[in-house]
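*Asks:* Below is the file entry.txt, with compact mmCIF, C-alpha atoms and all ligand atoms.
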```txt
# COMPACT_ATOMS: atom_id res chain seq x y z
CA MET J 1 219.12 -99.39 -54.78
CA THR J 2 217.24 -96.41 -56.20
CA ALA J 3 220.43 -94.80 -57.55
CA ASN J 4 220.45 -96.74 -60.83
CA LEU J 5 216.81 -96.18 -61.67
CA THR J 6 215.70 -93.65 -64.27
CA ASP J 7 213.83 -90.52 -63.20
CA GLU J 8 210.63 -91.95 -64.66
CA GLN J 9 211.02 -95.20 -62.69
CA LEU J 10 211.63 -93.19 -59.55
CA ILE J 11 208.49 -91.16 -60.11
CA ARG J 12 206.46 -94.31 -60.57
CA LYS J 13 207.87 -95.67 -57.32
CA SER J 14 207.13 -92.39 -55.56
CA LEU J 15 203.56 -92.57 -56.76
CA ASP J 16 203.37 -95.99 -55.13
CA GLY J 17 204.32 -94.33 -51.87
CA ASP J 18 208.06 -95.02 -51.94
CA ASN J 19 209.54 -91.99 -50.18
CA GLU J 20 213.08 -93.18 -50.76
CA ALA J 21 212.48 -92.94 -54.50
CA PHE J 22 211.43 -89.31 -54.24
CA GLY J 23 214.43 -88.69 -52.00
CA GLU J 24 216.62 -89.87 -54.86
CA ILE J 25 214.88 -87.44 -57.24
CA VAL J 26 215.65 -84.64 -54.80
CA LYS J 27 219.27 -85.76 -54.51
CA ARG J 28 219.65 -85.80 -58.29
CA TRP J 29 218.18 -82.41 -59.02
CA GLU J 30 218.49 -80.19 -55.94
CA ARG J 31 221.90 -78.80 -56.94
CA LYS J 32 220.67 -77.70 -60.35
CA ILE J 33 217.39 -76.34 -59.06
CA PHE J 34 219.29 -74.43 -56.38
CA ALA J 35 221.63 -72.96 -59.02
CA LEU J 36 218.64 -71.91 -61.10
CA CYS J 37 216.94 -70.29 -58.12
CA TYR J 38 220.15 -68.61 -56.98
CA GLY J 39 220.70 -67.20 -60.45
CA MET J 40 217.13 -66.00 -60.71
CA LEU J 41 216.84 -64.56 -57.21
CA GLY J 42 220.45 -63.63 -56.51
CA CYS J 43 220.17 -64.61 -52.86
CA LYS J 44 221.31 -67.83 -51.22
CA GLU J 45 218.69 -67.99 -48.48
CA GLU J 46 215.83 -67.32 -50.86
CA ALA J 47 217.25 -69.82 -53.33
CA LEU J 48 217.33 -72.51 -50.63
CA ASP J 49 213.76 -71.71 -49.63
CA VAL J 50 212.49 -71.81 -53.19
CA THR J 51 214.40 -75.03 -53.91
CA GLN J 52 212.70 -76.65 -50.96
CA GLU J 53 209.31 -75.28 -51.98
CA THR J 54 209.87 -76.61 -55.50
CA PHE J 55 210.40 -80.17 -54.34
CA MET J 56 207.56 -80.01 -51.83
CA LEU J 57 205.24 -78.76 -54.53
CA ALA J 58 206.49 -81.38 -56.97
CA TYR J 59 205.85 -84.11 -54.42
CA ARG J 60 202.37 -82.85 -53.66
CA SER J 61 201.47 -82.69 -57.33
CA LEU J 62 203.12 -85.95 -58.37
CA GLN J 63 199.70 -87.28 -59.36
CA SER J 64 199.37 -84.54 -61.94
CA PHE J 65 202.70 -85.36 -63.56
CA ARG J 66 201.64 -86.92 -66.84
CA GLY J 67 205.05 -87.92 -68.07
CA GLU J 68 204.75 -85.86 -71.25
CA ALA J 69 207.68 -83.71 -70.19
CA LYS J 70 210.90 -84.85 -68.58
CA ILE J 71 211.13 -84.70 -64.81
CA SER J 72 213.93 -82.16 -65.11
CA SER J 73 211.80 -79.87 -67.30
CA TRP J 74 208.89 -80.26 -64.95
CA LEU J 75 211.01 -79.42 -61.89
CA HIS J 76 212.60 -76.44 -63.67
CA ARG J 77 209.19 -75.07 -64.58
CA ILE J 78 207.94 -75.38 -61.03
CA ALA J 79 211.12 -73.70 -59.77
CA LEU J 80 210.82 -70.84 -62.27
CA ASN J 81 207.21 -70.28 -61.27
CA GLN J 82 208.18 -70.28 -57.62
CA CYS J 83 210.95 -67.78 -58.34
CA LEU J 84 208.47 -65.53 -60.13
CA THR J 85 206.06 -65.75 -57.22
CA LYS J 86 208.88 -64.87 -54.84
CA MET J 87 209.95 -61.92 -56.95
CA ARG J 88 206.41 -60.63 -57.22
CA SER J 89 205.82 -60.90 -53.50
CA LYS J 90 209.07 -59.08 -52.91
CA LYS J 91 208.11 -56.39 -55.35
CA ASN J 92 204.79 -55.97 -53.60
CA SER J 93 206.32 -55.88 -50.18
CA ALA J 94 207.41 -52.59 -48.69
CA GLU J 95 210.84 -54.02 -47.96
CA GLU J 96 211.68 -54.19 -51.63
CA ILE J 97 215.39 -53.78 -51.95
CA ASN J 98 217.03 -52.04 -54.83
CA ILE J 99 219.08 -54.43 -56.96
CA GLU J 100 222.18 -52.31 -56.49
CA SER J 101 221.88 -52.18 -52.71
CA GLU J 102 220.56 -55.67 -51.99
CA PRO J 103 222.52 -57.93 -49.63
CA SER J 104 225.73 -59.23 -51.07
CA LEU J 105 226.79 -62.87 -51.21
CA SER J 106 226.41 -64.01 -47.66
CA THR J 107 230.02 -64.87 -47.00
CA ALA J 108 231.82 -62.40 -49.26
CA ALA J 109 232.06 -59.54 -46.82
CA SER J 110 232.92 -61.58 -43.73
CA LYS J 111 235.73 -63.50 -45.44
CA LYS J 112 237.25 -60.47 -47.09
CA ALA J 113 239.56 -59.65 -44.21
CA VAL J 114 241.10 -63.10 -43.86
CA SER J 115 241.00 -64.36 -47.45
CA PRO J 116 243.99 -64.35 -49.78
CA PRO J 117 243.85 -61.53 -52.38
CA GLU J 118 243.04 -63.77 -55.35
CA LEU J 119 240.07 -65.23 -53.48
CA VAL J 120 238.83 -61.77 -52.66
CA GLU J 121 239.20 -60.89 -56.31
CA THR J 122 237.18 -63.95 -57.36
CA LYS J 123 234.49 -63.13 -54.84
CA GLU J 124 234.33 -59.51 -55.88
CA ARG J 125 234.08 -60.51 -59.50
CA ALA J 126 231.39 -63.05 -58.64
CA GLU J 127 229.52 -60.33 -56.81
CA LEU J 128 229.66 -58.02 -59.81
CA VAL J 129 228.54 -60.77 -62.17
CA ARG J 130 225.74 -61.73 -59.82
CA LYS J 131 224.41 -58.19 -59.88
CA ALA J 132 224.74 -58.03 -63.65
CA VAL J 133 222.88 -61.34 -64.08
CA ARG J 134 220.23 -60.19 -61.64
CA SER J 135 219.59 -57.09 -63.70
CA LEU J 136 218.95 -59.00 -66.93
CA PRO J 137 215.35 -59.27 -68.14
CA LEU J 138 213.77 -62.52 -66.92
CA GLU J 139 213.59 -64.22 -70.29
CA LEU J 140 217.30 -63.64 -70.87
CA ARG J 141 218.29 -64.37 -67.30
CA GLN J 142 216.77 -67.86 -67.21
CA VAL J 143 218.49 -68.88 -70.44
CA VAL J 144 221.93 -67.75 -69.35
CA ILE J 145 221.56 -69.45 -65.96
CA MET J 146 220.46 -72.75 -67.45
CA LYS J 147 223.36 -72.68 -69.85
CA GLU J 148 226.11 -71.37 -67.59
CA PHE J 149 225.15 -72.81 -64.19
CA GLU J 150 223.47 -76.01 -65.23
CA ASP J 151 225.25 -76.95 -68.43
CA MET J 152 221.93 -77.65 -70.14
CA THR J 153 221.96 -78.13 -73.90
CA PHE J 154 220.04 -75.75 -76.15
CA GLN J 155 217.59 -78.56 -76.79
CA GLN J 156 217.00 -79.12 -73.06
CA ILE J 157 216.48 -75.41 -72.44
CA ALA J 158 214.09 -75.26 -75.39
CA GLU J 159 212.07 -78.19 -74.00
CA THR J 160 211.97 -76.70 -70.52
CA LEU J 161 210.86 -73.27 -71.66
CA ASN J 162 208.70 -74.52 -74.51
CA LEU J 163 210.62 -72.46 -77.03
CA PRO J 164 212.22 -73.18 -80.39
CA VAL J 165 215.95 -73.91 -80.16
CA SER J 166 216.65 -70.94 -82.41
CA THR J 167 214.91 -68.62 -79.94
CA VAL J 168 216.99 -70.03 -77.10
CA LYS J 169 220.17 -69.37 -79.05
CA SER J 170 219.26 -65.81 -79.95
CA ARG J 171 218.19 -65.10 -76.37
CA LEU J 172 221.48 -66.42 -75.08
CA TYR J 173 223.39 -64.32 -77.56
CA LEU J 174 221.46 -61.26 -76.44
CA ALA J 175 221.94 -62.16 -72.79
CA LEU J 176 225.70 -62.41 -73.19
CA LYS J 177 225.85 -59.10 -75.03
CA GLN J 178 223.80 -57.35 -72.34
CA LEU J 179 225.82 -58.95 -69.57
CA LYS J 180 229.02 -57.73 -71.09
CA MET J 181 227.67 -54.20 -71.29
CA LYS J 182 226.31 -54.25 -67.74
CA LEU J 183 229.59 -55.60 -66.40
CA GLU J 184 231.55 -52.88 -68.16
CA GLU J 185 229.25 -50.29 -66.62
CA LYS J 186 229.71 -51.74 -63.17
CA ILE J 187 233.47 -52.08 -63.47
CA SER J 188 233.80 -48.48 -64.65
CA ALA J 189 231.58 -47.38 -61.78
CA VAL J 190 233.80 -49.09 -59.16
CA MET C 1 225.47 -46.07 -81.61
CA LYS C 2 224.12 -49.12 -83.40
CA GLU C 3 225.53 -52.52 -82.50
CA GLN C 4 227.15 -54.32 -85.37
CA LYS C 5 225.82 -57.80 -85.99
CA CYS C 6 226.90 -60.51 -88.40
CA VAL C 7 224.36 -62.88 -89.94
CA PHE C 8 226.22 -65.70 -88.20
CA SER C 9 226.14 -64.03 -84.79
CA ASP C 10 223.53 -66.44 -83.41
CA ASN C 11 225.77 -69.33 -84.45
CA LEU C 12 228.43 -67.90 -82.24
CA VAL C 13 226.74 -69.26 -79.09
CA SER C 14 226.57 -72.75 -80.59
CA TYR C 15 230.28 -72.50 -81.20
CA ILE C 16 231.18 -71.20 -77.75
CA TYR C 17 229.11 -73.86 -75.98
CA ASP C 18 230.44 -76.58 -78.24
CA GLU C 19 227.09 -77.48 -79.75
CA MET C 20 228.00 -76.82 -83.34
CA GLU C 21 227.99 -79.62 -85.89
CA ASN C 22 230.01 -77.95 -88.61
CA LYS C 23 232.74 -76.30 -86.62
CA ASP C 24 235.25 -76.13 -89.44
CA ALA C 25 233.02 -73.98 -91.61
CA PHE C 26 232.42 -71.52 -88.78
CA GLU C 27 236.09 -71.40 -87.89
CA ALA C 28 236.77 -70.51 -91.49
CA HIS C 29 234.22 -67.71 -91.17
CA LEU C 30 235.88 -66.49 -87.98
CA THR C 31 239.16 -65.89 -89.79
CA GLU C 32 237.35 -63.58 -92.20
CA CYS C 33 234.77 -61.87 -89.98
CA GLN C 34 236.04 -59.28 -87.55
CA ILE C 35 232.67 -58.85 -85.83
CA CYS C 36 232.40 -62.52 -84.97
CA SER C 37 236.03 -62.93 -83.91
CA GLU C 38 235.81 -59.89 -81.62
CA GLU C 39 232.55 -61.08 -80.11
CA LEU C 40 234.06 -64.50 -79.58
CA GLU C 41 236.91 -63.05 -77.53
CA MET C 42 234.49 -60.88 -75.61
CA PHE C 43 232.22 -63.83 -74.77
CA LYS C 44 235.19 -65.95 -73.72
CA THR C 45 236.22 -63.33 -71.17
CA LEU C 46 232.65 -62.99 -70.00
CA ARG C 47 232.40 -66.72 -69.46
CA VAL C 48 235.43 -66.61 -67.17
CA SER C 49 233.57 -64.07 -65.03
CA LEU C 50 230.42 -66.17 -65.12
CA SER C 51 232.38 -69.21 -63.97
CA ALA C 52 233.44 -67.23 -60.88
CA LEU C 53 229.79 -66.76 -60.00
CA ARG C 54 229.09 -70.38 -60.73
CA GLU C 55 231.83 -71.44 -58.30
CA GLN C 56 230.30 -69.16 -55.73
CA VAL C 57 226.87 -70.68 -56.24
CA ASP C 58 228.26 -74.22 -56.06
CA SER C 59 230.12 -73.46 -52.85
CA GLU C 60 226.99 -72.09 -51.20
CA PHE C 61 224.83 -75.06 -52.04
CA GLU C 62 223.30 -76.83 -49.08
CA PRO C 63 221.33 -80.04 -49.44
CA ILE C 64 217.74 -79.27 -48.70
CA SER C 65 215.87 -81.17 -46.07
CA ILE C 66 212.35 -82.03 -46.92
CA PRO C 67 210.22 -82.54 -43.84
CA VAL C 68 209.22 -86.21 -43.56
CA ILE C 69 207.40 -86.74 -46.78
CA GLU C 70 204.59 -88.96 -45.77
CA LYS C 71 201.37 -89.22 -47.63
CA PRO C 72 198.66 -89.35 -45.00
CA ALA C 73 196.76 -92.59 -45.08
CA PHE C 74 193.16 -92.52 -46.26
CA TRP C 75 191.80 -92.97 -42.74
CA LYS C 76 194.09 -90.28 -41.38
CA LYS C 77 192.91 -87.84 -44.05
CA LEU C 78 189.29 -88.73 -43.39
CA LEU C 79 189.72 -88.29 -39.64
CA GLU C 80 191.43 -84.96 -40.20
CA ALA C 81 188.66 -83.81 -42.50
CA ILE C 82 186.04 -84.78 -39.95
CA THR C 83 187.74 -83.19 -36.97
CA LEU C 84 188.22 -79.99 -38.90
CA SER C 85 184.71 -79.93 -40.27
CA ASN C 86 181.73 -78.11 -38.79
CA PRO C 87 179.31 -79.86 -36.36
CA LEU C 88 176.74 -80.56 -39.08
CA VAL C 89 179.24 -82.60 -41.08
CA LYS C 90 180.22 -84.44 -37.91
CA ILE C 91 176.60 -85.35 -37.22
CA ALA C 92 176.11 -86.43 -40.82
CA PHE C 93 179.20 -88.61 -40.62
CA ALA C 94 178.06 -90.18 -37.35
CA SER C 95 174.63 -90.92 -38.83
CA ALA C 96 176.22 -92.43 -41.91
CA LEU C 97 178.36 -94.66 -39.70
CA ILE C 98 175.34 -95.84 -37.70
CA ILE C 99 173.43 -96.61 -40.89
CA ILE C 100 176.38 -98.50 -42.36
CA PHE C 101 176.84 -100.56 -39.19
CA SER C 102 173.15 -101.34 -38.90
CA LEU C 103 172.97 -102.33 -42.54
CA THR C 104 176.03 -104.53 -42.25
CA PHE C 105 174.67 -106.17 -39.14
CA TYR C 106 171.32 -106.76 -40.80
CA LEU C 107 172.89 -108.19 -43.95
CA LEU C 108 175.15 -110.44 -41.94
CA THR C 109 172.17 -111.75 -40.02
CA LEU C 110 170.32 -112.42 -43.24
CA GLN C 111 173.33 -114.18 -44.67
CA ARG C 112 173.62 -116.49 -41.67
CA THR C 113 169.99 -117.35 -41.77
CA SER C 114 170.22 -118.39 -45.37
CA ASP C 115 173.46 -120.23 -44.67
CA LEU C 116 171.68 -122.29 -42.12
CA GLY C 117 169.49 -123.96 -44.69
CA LEU C 118 166.66 -121.46 -44.96
CA ALA C 119 165.83 -121.82 -41.34
CA SER C 120 163.62 -118.79 -41.60
CA ASN C 121 161.21 -120.72 -43.79
CA VAL C 122 160.82 -123.27 -41.11
CA LYS C 123 158.46 -122.86 -38.27
CA VAL C 124 160.77 -123.31 -35.41
CA ASP C 125 159.41 -124.02 -32.00
CA GLU C 126 160.74 -121.97 -29.19
CA LYS C 127 163.11 -124.65 -28.01
CA ILE C 128 163.95 -127.03 -30.76
CA GLU C 129 167.09 -128.91 -30.14
CA PRO C 130 169.11 -129.77 -33.21
CA GLN C 131 169.00 -133.36 -34.38
CA ARG C 132 172.02 -135.31 -35.33
CA SER C 133 170.61 -135.62 -38.79
CA PHE C 134 170.70 -131.84 -39.23
CA PRO C 135 173.24 -131.61 -42.03
CA PHE C 136 174.94 -128.44 -40.80
CA ALA C 137 175.02 -129.34 -37.17
CA GLU C 138 178.39 -131.02 -37.37
CA SER C 139 180.08 -127.94 -36.14
CA LYS C 140 179.81 -127.47 -32.39
CA GLU C 141 178.52 -123.94 -32.79
CA HIS C 142 175.14 -125.39 -33.64
CA GLU C 143 174.89 -127.54 -30.61
CA VAL C 144 172.22 -125.39 -29.09
CA PHE C 145 169.99 -123.86 -31.67
CA THR C 146 167.12 -121.80 -30.53
CA LYS C 147 165.40 -118.82 -32.01
CA GLU C 148 166.80 -116.47 -29.41
CA ASN C 149 170.39 -117.39 -29.50
CA LYS C 150 170.95 -118.37 -33.07
CA THR C 151 172.59 -115.09 -33.96
CA ALA C 152 174.50 -114.88 -30.75
CA GLU C 153 175.88 -118.35 -30.90
CA VAL C 154 176.59 -118.72 -34.58
CA LYS C 155 179.72 -116.87 -35.42
CA PRO C 156 181.14 -118.50 -38.48
CA ILE C 157 184.49 -117.24 -39.59
CA LYS C 158 184.96 -116.34 -43.19
CA THR C 159 186.42 -119.63 -44.34
CA GLU C 160 183.63 -121.57 -42.76
CA ARG C 161 181.12 -119.43 -44.50
CA GLN C 162 182.80 -120.00 -47.79
CA THR C 163 182.60 -123.75 -47.35
CA ARG C 164 179.04 -123.40 -46.31
CA LYS C 165 178.23 -121.49 -49.40
CA LYS C 166 179.59 -124.33 -51.40
CA LEU C 167 177.45 -126.63 -49.33
CA LYS C 168 174.36 -124.53 -49.86
CA PRO C 169 171.61 -126.98 -50.63
CA SER C 170 169.77 -126.98 -53.92
CA ALA C 171 166.03 -126.33 -54.01
CA ARG C 172 165.36 -130.05 -53.88
CA GLN C 173 167.72 -130.55 -51.04
CA ARG C 174 166.12 -127.68 -49.21
CA GLN C 175 162.75 -129.27 -49.57
CA GLN C 176 164.19 -132.48 -48.25
CA LEU C 177 165.80 -130.57 -45.47
CA ASN C 178 162.57 -128.90 -44.50
CA LEU C 179 160.91 -132.27 -44.46
CA ASP C 180 163.61 -133.64 -42.22
CA PHE C 181 163.17 -130.69 -39.98
CA ALA C 182 159.43 -131.01 -39.98
CA GLU C 183 159.74 -134.69 -39.13
CA SER C 184 162.08 -133.93 -36.35
CA GLU C 185 159.44 -131.75 -34.75
CA GLU C 186 157.34 -134.80 -34.31
CA VAL C 187 160.12 -136.99 -33.07
CA GLU C 188 160.30 -136.22 -29.45
CA GLU C 189 162.82 -138.83 -28.60
CA GLY C 190 165.71 -137.48 -30.62
CA ILE C 191 169.04 -137.85 -28.89
CA ARG C 192 170.04 -134.61 -27.34
CA LEU C 193 173.71 -133.78 -27.17
CA VAL C 194 173.36 -132.91 -23.53
CA ASP C 195 172.09 -136.40 -22.91
CA LEU C 196 174.87 -137.84 -24.95
CA PHE C 197 177.46 -136.01 -22.88
CA GLU C 198 175.79 -137.27 -19.76
CA LYS C 199 175.97 -140.80 -21.09
CA VAL C 200 179.61 -140.39 -21.96
CA GLY C 201 180.21 -139.06 -18.48
CA GLU C 202 178.65 -142.15 -16.99
CA VAL C 203 180.89 -144.53 -18.93
ZN ZN J 301 230.49 -63.13 -88.65
```
Can you give me the file's structure in the form of C-alpha cells?

*Replies:*
Amino acid sequence: MTANLTDEQLIRKSLDGDNEAFGEIVKRWERKIFALCYGMLGCKEEALDVTQETFMLAYRSLQSFRGEAKISSWLHRIALNQCLTKMRSKKNSAEEINIESEPSLSTAASKKAVSPPELVETKERAELVRKAVRSLPLELRQVVIMKEFEDMTFQQIAETLNLPVSTVKSRLYLALKQLKMKLEEKISAV
Amino acid sequence: MKEQKCVFSDNLVSYIYDEMENKDAFEAHLTECQICSEELEMFKTLRVSLSALREQVDSEFEPISIPVIEKPAFWKKLLEAITLSNPLVKIAFASALIIIFSLTFYLLTLQRTSDLGLASNVKVDEKIEPQRSFPFAESKEHEVFTKENKTAEVKPIKTERQTRKKLKPSARQRQQLNLDFAESEEVEEGIRLVDLFEKVGEV
C-alpha cells in the first residue's frame, strides 16, 4: 500500500504517526545509505551501526524536515554527519587503528581457503580498492562513493553536498586520479 | 613530475558516467587528444576494480532493524517527565492537578445551577418539592430537588445539557419562572410525586 507513494507522501504519513510509512522509507534507502557508510568508514559493522543511527535520527527529527531538500539528500547528509562523528570518535579513542592495518572485509579471510581462485582474486582486489578509497580525503571520498556505489547523478550529488555540479565533476576526476595512484602503490607493494 | 591535464579533463567524468549531452564532439576530441584517451582507459580499468568493491559492499548488506518506532503518546511523555523529575516538580504537578479538578468541579456546579433556571436566585426552602409545573422537572433526575442533594442527584449527560442550553429561558421567561416558583412556595397542596406513586400503587 505504501510502496507506490512518493517519499514526500511517506514522510507526511510518518508525521501523522504512520510507522509503516517510515518503514517504507527505510526499505527504500537503507541499501544506499549502507553503501555510503561502508564506503566512508570501510567497515561493515560500523556501516550497519551508522545506517541504523541515521534512520533513527531521521525519524526523531522528522518534524524538522522542511521539505526544501529531497528526502534522499536529507538522509545522505545525516549519514555523512554520523560517519564524521564516528570517525572523530575513533580518532580520539586510544584504539585508533591504522588504515593499513585495520580489519579486513569481514568474510574475506575466512572464505579464502574454500573459495575458487577467481573469487579470491575479486575479494583481494576489493580489499585493495577499499583501502585505497578509505585513504582518500573526505571530500573526494564521498563523491566517488555516491557515484560508484549509489549511481547518483552529478546533479543529485551536487544537491546533497550543496556544491556546484562543476565542483562535483572536478572532485570526481581528482578522486579517480588519486585512487589510481594509490592502487598502483598498493599493488606494487604487494 | 607534473601531471599532464587537458582542458577537457573534467569533461572526461561526464563521458565515463554517461552524463554527457554532446558525446560526439568529445569522442572526436578523444581521437586527437592522447592525454584524454589515456586517462579514459585508465579510468575504465579503475572502474572495474571499484565494481569489485561495490559487489562486496552489496553482498554484505543486511537490512537494518529499527527498534519499534513508536512515538510516545502525550500522556506517556508527560508521565515519564513527571516520574523522572525532582520532588519539587512532582509537588507542583500534584498541586496543579488539584487546582484544575477543583476549578472544573466548581465550574460544573455553577453550570448546573444556571441550567436549572437560575435556581440560585430563588430563595429555596430547605425542603421544597418540585412542582409539576416546574418546566425542567420532566426528567426524573429532578424528582427530588432539595438544596442538599441538588448537585448529587443532578447528573446530566452532555447531550442533555446541550438541549437544556437551547431551552435556557430568556430574561422574561426567567422572571415568569421565578414567579411560578415563588407561587409554588405558597401552594402547600401541590401534588407530590411520592403521593402520585402511592396513588398509582393503590389503583
Ligand atoms: Zn583532452

*Asks:* Show me which bits of chain J are within 6 Å of chain C, counting all atoms listed in the file, as a list of chain:residue names.

*Replies:*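 The contacting residues on chain J are J:Ala126, J:Phe149, J:Ser170.
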
*Asks:* Any chance you could tabulate, as a tab-separated table, the residues of chain C at most 7 Å from ligand ZN 301 (chain J) with each one's nearest atom pair and distance in Å to one decimal, using only C-alpha atoms and all ligand atoms, in chain and rising number order?

*Replies:*
```
residue	atom	partner	partner_atom	distance
C:Cys6	CA	J:ZN301	ZN	4.5
C:Val7	CA	J:ZN301	ZN	6.3
C:Phe8	CA	J:ZN301	ZN	5.0
C:Ser9	CA	J:ZN301	ZN	5.9
C:His29	CA	J:ZN301	ZN	6.4
C:Leu30	CA	J:ZN301	ZN	6.4
C:Cys33	CA	J:ZN301	ZN	4.7
C:Gln34	CA	J:ZN301	ZN	6.8
C:Ile35	CA	J:ZN301	ZN	5.6
C:Cys36	CA	J:ZN301	ZN	4.2
```

*Asks:* Could you tell me how far atom CA of J:Thr54 lies from atom CA of J:Gln178, in Å and to one decimal?

*Replies:*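 Taking atom CA of J:Thr54 as the start and atom CA of J:Gln178 as the end point, the length is 29.1 Å.
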
*Asks:* Mind pulling up the distance from atom CA of J:Gln63 to atom CA of J:Arg12?

*Replies:*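 Those two atoms sit 9.8 Å apart.
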
*Asks:* Using only C-alpha atoms, determine which residues lie at most 7 Å from J:Met146, disregarding the query and same-chain residues fewer than 4 positions distant; provide the list as a PyMOL selection string.

*Replies:* chain J and resi 36+142+150-152+157

*Asks:* Output the selection as a compact mmCIF listing (two decimals), in the coordinates of the input - C-alpha atoms for each residue.

*Replies:*
```txt
# COMPACT_ATOMS: atom_id res chain seq x y z
CA LEU J 36 218.64 -71.91 -61.10
CA GLN J 142 216.77 -67.86 -67.21
CA GLU J 150 223.47 -76.01 -65.23
CA ASP J 151 225.25 -76.95 -68.43
CA MET J 152 221.93 -77.65 -70.14
CA ILE J 157 216.48 -75.41 -72.44
```

*Asks:* So, counting all atoms listed in the file, which residue among J:Ala79, J:Leu172, J:Cys43, J:Leu62 is closest to J:Lys13?

*Replies:*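 Looking at the shortest contact to J:Lys13, the residue is J:Leu62.
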
*Asks:* Please measure the separation of atom CA of C:Tyr106 and atom CA of C:Ala94, giving the value in Å to one decimal.

*Replies:* 18.2 Å
